[in-house]
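> Before we start, here is the structure in question, set down as structure tokens.
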Amino acid sequence: MKTFRKELTFRTKTRRAYVNITSQVEASLAESGVREGLCLVNAMNITASVFINDNESGLHRDFERWLEKLAPEKPHSQYDHNGYEDNADAHLKRTVMGREVVVAITDGRLDFGTWEQIFYGEFDGMRDKRVLIKIIGE
């Protein structure tokens, strides 16, 4: 069995952003040489997310509005966590959107359903954050 590990680094220009990372994960899969197995992609920061969904800008705006209703950024004073940093909302948003995804690898390709793409979700951006890609298989 082969294993492959790669890290991606992101620094968004805004506090919140959604970045399609599918092509970067596909490039990592090609680099790995794995033809059959599993691909794990996970955010390595507690205020960021990795998730699978449709690459549609209206849906991304819907995520933003929905998450802001669930865990509004302001007022910062509404959260017990806030103190040193004012990012409690980002921790909550990450919990809702998830930490990682696992995608089957079949015949050297990510085995997606219709319209599925992999996204990095940033909820407390403008600083370096990492995403891990771990591929195992043959």
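FYI, nothing fancy with the structure tokens labels: chains A, B, ... in order, residues from 1 per chain, ligands from 1 as they appear.
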Considering only C-alpha atoms, return as an MDAnalysis selection string whatever protein or nucleic-acid residues lie within 6 Å of stretch 110-121 of chain A, sequence-local ones (same chain, fewer than 4 positions apart) excluded.
chainID A and resid 17:22 48:54 104:106
> How would the residues just chosen look if you wrote them out with N, CA and C atoms as a PDB file, in the first residue's frame?

```pdb
ATOM      1  N   ALA A  17     -14.255  33.191   3.292  1.00  0.00           N
ATOM      2  CA  ALA A  17     -14.135  32.893   1.861  1.00  0.00           C
ATOM      3  C   ALA A  17     -14.363  31.408   1.636  1.00  0.00           C
ATOM      4  N   TYR A  18     -14.743  31.077   0.400  1.00  0.00           N
ATOM      5  CA  TYR A  18     -14.901  29.693  -0.043  1.00  0.00           C
ATOM      6  C   TYR A  18     -14.022  29.510  -1.272  1.00  0.00           C
ATOM      7  N   VAL A  19     -13.091  28.561  -1.191  1.00  0.00           N
ATOM      8  CA  VAL A  19     -12.115  28.354  -2.253  1.00  0.00           C
ATOM      9  C   VAL A  19     -12.271  26.936  -2.792  1.00  0.00           C
ATOM     10  N   ASN A  20     -12.499  26.811  -4.096  1.00  0.00           N
ATOM     11  CA  ASN A  20     -12.587  25.494  -4.721  1.00  0.00           C
ATOM     12  C   ASN A  20     -11.173  24.934  -4.830  1.00  0.00           C
ATOM     13  N   ILE A  21     -10.914  23.827  -4.141  1.00  0.00           N
ATOM     14  CA  ILE A  21      -9.577  23.223  -4.134  1.00  0.00           C
ATOM     15  C   ILE A  21      -9.554  21.889  -4.879  1.00  0.00           C
ATOM     16  N   THR A  22     -10.596  21.594  -5.625  1.00  0.00           N
ATOM     17  CA  THR A  22     -10.690  20.309  -6.323  1.00  0.00           C
ATOM     18  C   THR A  22      -9.480  20.064  -7.218  1.00  0.00           C
ATOM     19  N   ALA A  48     -11.318  26.952  10.165  1.00  0.00           N
ATOM     20  CA  ALA A  48     -11.455  26.706   8.731  1.00  0.00           C
ATOM     21  C   ALA A  48     -12.099  25.339   8.528  1.00  0.00           C
ATOM     22  N   SER A  49     -12.588  25.102   7.318  1.00  0.00           N
ATOM     23  CA  SER A  49     -13.353  23.902   7.026  1.00  0.00           C
ATOM     24  C   SER A  49     -12.971  23.344   5.666  1.00  0.00           C
ATOM     25  N   VAL A  50     -13.205  22.059   5.481  1.00  0.00           N
ATOM     26  CA  VAL A  50     -13.166  21.440   4.160  1.00  0.00           C
ATOM     27  C   VAL A  50     -14.488  20.704   3.998  1.00  0.00           C
ATOM     28  N   PHE A  51     -15.151  20.920   2.874  1.00  0.00           N
ATOM     29  CA  PHE A  51     -16.451  20.302   2.652  1.00  0.00           C
ATOM     30  C   PHE A  51     -16.656  20.045   1.162  1.00  0.00           C
ATOM     31  N   ILE A  52     -17.650  19.232   0.847  1.00  0.00           N
ATOM     32  CA  ILE A  52     -17.997  18.930  -0.540  1.00  0.00           C
ATOM     33  C   ILE A  52     -19.378  19.501  -0.822  1.00  0.00           C
ATOM     34  N   ASN A  53     -19.478  20.201  -1.948  1.00  0.00           N
ATOM     35  CA  ASN A  53     -20.770  20.688  -2.394  1.00  0.00           C
ATOM     36  C   ASN A  53     -20.651  21.146  -3.839  1.00  0.00           C
ATOM     37  N   ASP A  54     -21.679  21.812  -4.321  1.00  0.00           N
ATOM     38  CA  ASP A  54     -21.759  22.307  -5.688  1.00  0.00           C
ATOM     39  C   ASP A  54     -20.949  23.600  -5.814  1.00  0.00           C
ATOM     40  N   ALA A 104     -13.454   8.473  -2.234  1.00  0.00           N
ATOM     41  CA  ALA A 104     -12.920   7.243  -2.817  1.00  0.00           C
ATOM     42  C   ALA A 104     -12.112   7.576  -4.069  1.00  0.00           C
ATOM     43  N   ILE A 105     -11.087   6.781  -4.289  1.00  0.00           N
ATOM     44  CA  ILE A 105     -10.277   6.873  -5.504  1.00  0.00           C
ATOM     45  C   ILE A 105     -10.548   5.613  -6.317  1.00  0.00           C
ATOM     46  N   THR A 106     -10.999   5.793  -7.539  1.00  0.00           N
ATOM     47  CA  THR A 106     -11.308   4.672  -8.424  1.00  0.00           C
ATOM     48  C   THR A 106     -10.640   4.921  -9.772  1.00  0.00           C
TER      49      THR A 106
END
```
> Write out as a PDB file with N, CA and C atoms, in the first residue's frame each polymer residue whose atoms come within 9 Å of A:His76, counting only C-alpha atoms; drop sequence neighbours fewer than 5 positions from it.

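Below is the file that was written, part_37.pdb:
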```pdb
ATOM      1  N   ASN A  82     -14.526  34.853  23.147  1.00  0.00           N
ATOM      2  CA  ASN A  82     -13.792  36.030  22.686  1.00  0.00           C
ATOM      3  C   ASN A  82     -13.064  36.704  23.835  1.00  0.00           C
ATOM      4  N   GLY A  83     -11.902  37.159  23.531  1.00  0.00           N
ATOM      5  CA  GLY A  83     -11.030  37.811  24.508  1.00  0.00           C
ATOM      6  C   GLY A  83      -9.760  38.199  23.794  1.00  0.00           C
ATOM      7  N   ASP A  86     -11.152  37.768  18.518  1.00  0.00           N
ATOM      8  CA  ASP A  86     -12.595  37.904  18.350  1.00  0.00           C
ATOM      9  C   ASP A  86     -13.080  36.974  17.245  1.00  0.00           C
ATOM     10  N   ASN A  87     -12.903  35.660  17.459  1.00  0.00           N
ATOM     11  CA  ASN A  87     -13.227  34.719  16.389  1.00  0.00           C
ATOM     12  C   ASN A  87     -14.101  33.555  16.843  1.00  0.00           C
ATOM     13  N   ALA A  88     -14.836  33.720  17.908  1.00  0.00           N
ATOM     14  CA  ALA A  88     -15.697  32.632  18.382  1.00  0.00           C
ATOM     15  C   ALA A  88     -16.671  32.189  17.287  1.00  0.00           C
ATOM     16  N   ASP A  89     -17.193  33.148  16.537  1.00  0.00           N
ATOM     17  CA  ASP A  89     -18.119  32.787  15.458  1.00  0.00           C
ATOM     18  C   ASP A  89     -17.464  31.863  14.441  1.00  0.00           C
TER      19      ASP A  89
END
```
> Please give the complete set of residues from stretch 2-128 of chain A that DSSP, run on the backbone, assigns to strand (DSSP E or B), formatted as a ChimeraX atom specification.
/A:2-10,17-20,37-43,48-53,100-106,109-110,117-122
> Would you mind listing what lies within 8 Å of stretch 33-39 of chain A as an MDAnalysis selection string, with only C-alpha atoms counted and same-chain residues fewer than 4 positions away left out?
chainID A and resid 2 29 102:110 133:138
> Hey, can you check how far atom CA of A:Lys6 sits from atom CA of A:Phe123?
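Separating atom CA of A:Lys6 from atom CA of A:Phe123 is a distance of 22.4 Å.
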> When you look at A:Leu70 with a cut-off of 9 Å (counting only C-alpha atoms), what residues show up, excluding the ones that are within fewer than 4 positions of it in the same chain? I need them as a list of chain:residue names.
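Close residues of A:Leu70: A:Arg65, A:Trp66, A:Asp89, A:Leu92, A:Lys93.
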> Please, what distance in Å, to one decimal, runs between atom CA of A:Glu26 and atom CA of A:Leu59?
22.8 Å
> What residues in stretch 26-94 of chain A get the DSSP label helix (DSSP H, G or I)? Please answer as number ranges by chain.
A: 26-32, 57-70, 76-78, 88-94
> One decimal, in Å: what's the spacing between atom CA of A:His60 and atom CA of A:Arg16?
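Separating atom CA of A:His60 from atom CA of A:Arg16 is a distance of 10.9 Å.
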> Restricting the calculation to only C-alpha atoms: of A:Gly98, A:Val25, A:Tyr84, A:Arg15, which residue gets closest to A:Val41?
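Of A:Gly98, A:Val25, A:Tyr84, A:Arg15, the one nearest A:Val41 is A:Val25, counting only C-alpha atoms.
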> Of the candidates A:Leu40, A:Ser23, A:His91, A:Glu31, which shows the shortest atom-to-atom distance to A:Glu73, using only C-alpha atoms?
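Closest to A:Glu73, using only C-alpha atoms: A:His91.
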> Would you pick out the contacts of A:Glu7 at 8 Å or less, using only C-alpha atoms, so that residues sharing its chain but fewer than 5 positions from it are not included, and give the list as a PyMOL selection string?
chain A and resi 130-133
> Deliver the residues from the most recent selection as a file, using C-alpha atoms, as a compact mmCIF listing (two decimals), in the first residue's frame.

```txt
# COMPACT_ATOMS: atom_id res chain seq x y z
CA ARG A 130 -3.04 24.72 6.18
CA VAL A 131 -5.00 21.92 4.56
CA LEU A 132 -3.74 18.33 4.68
CA ILE A 133 -4.16 15.91 1.78
```
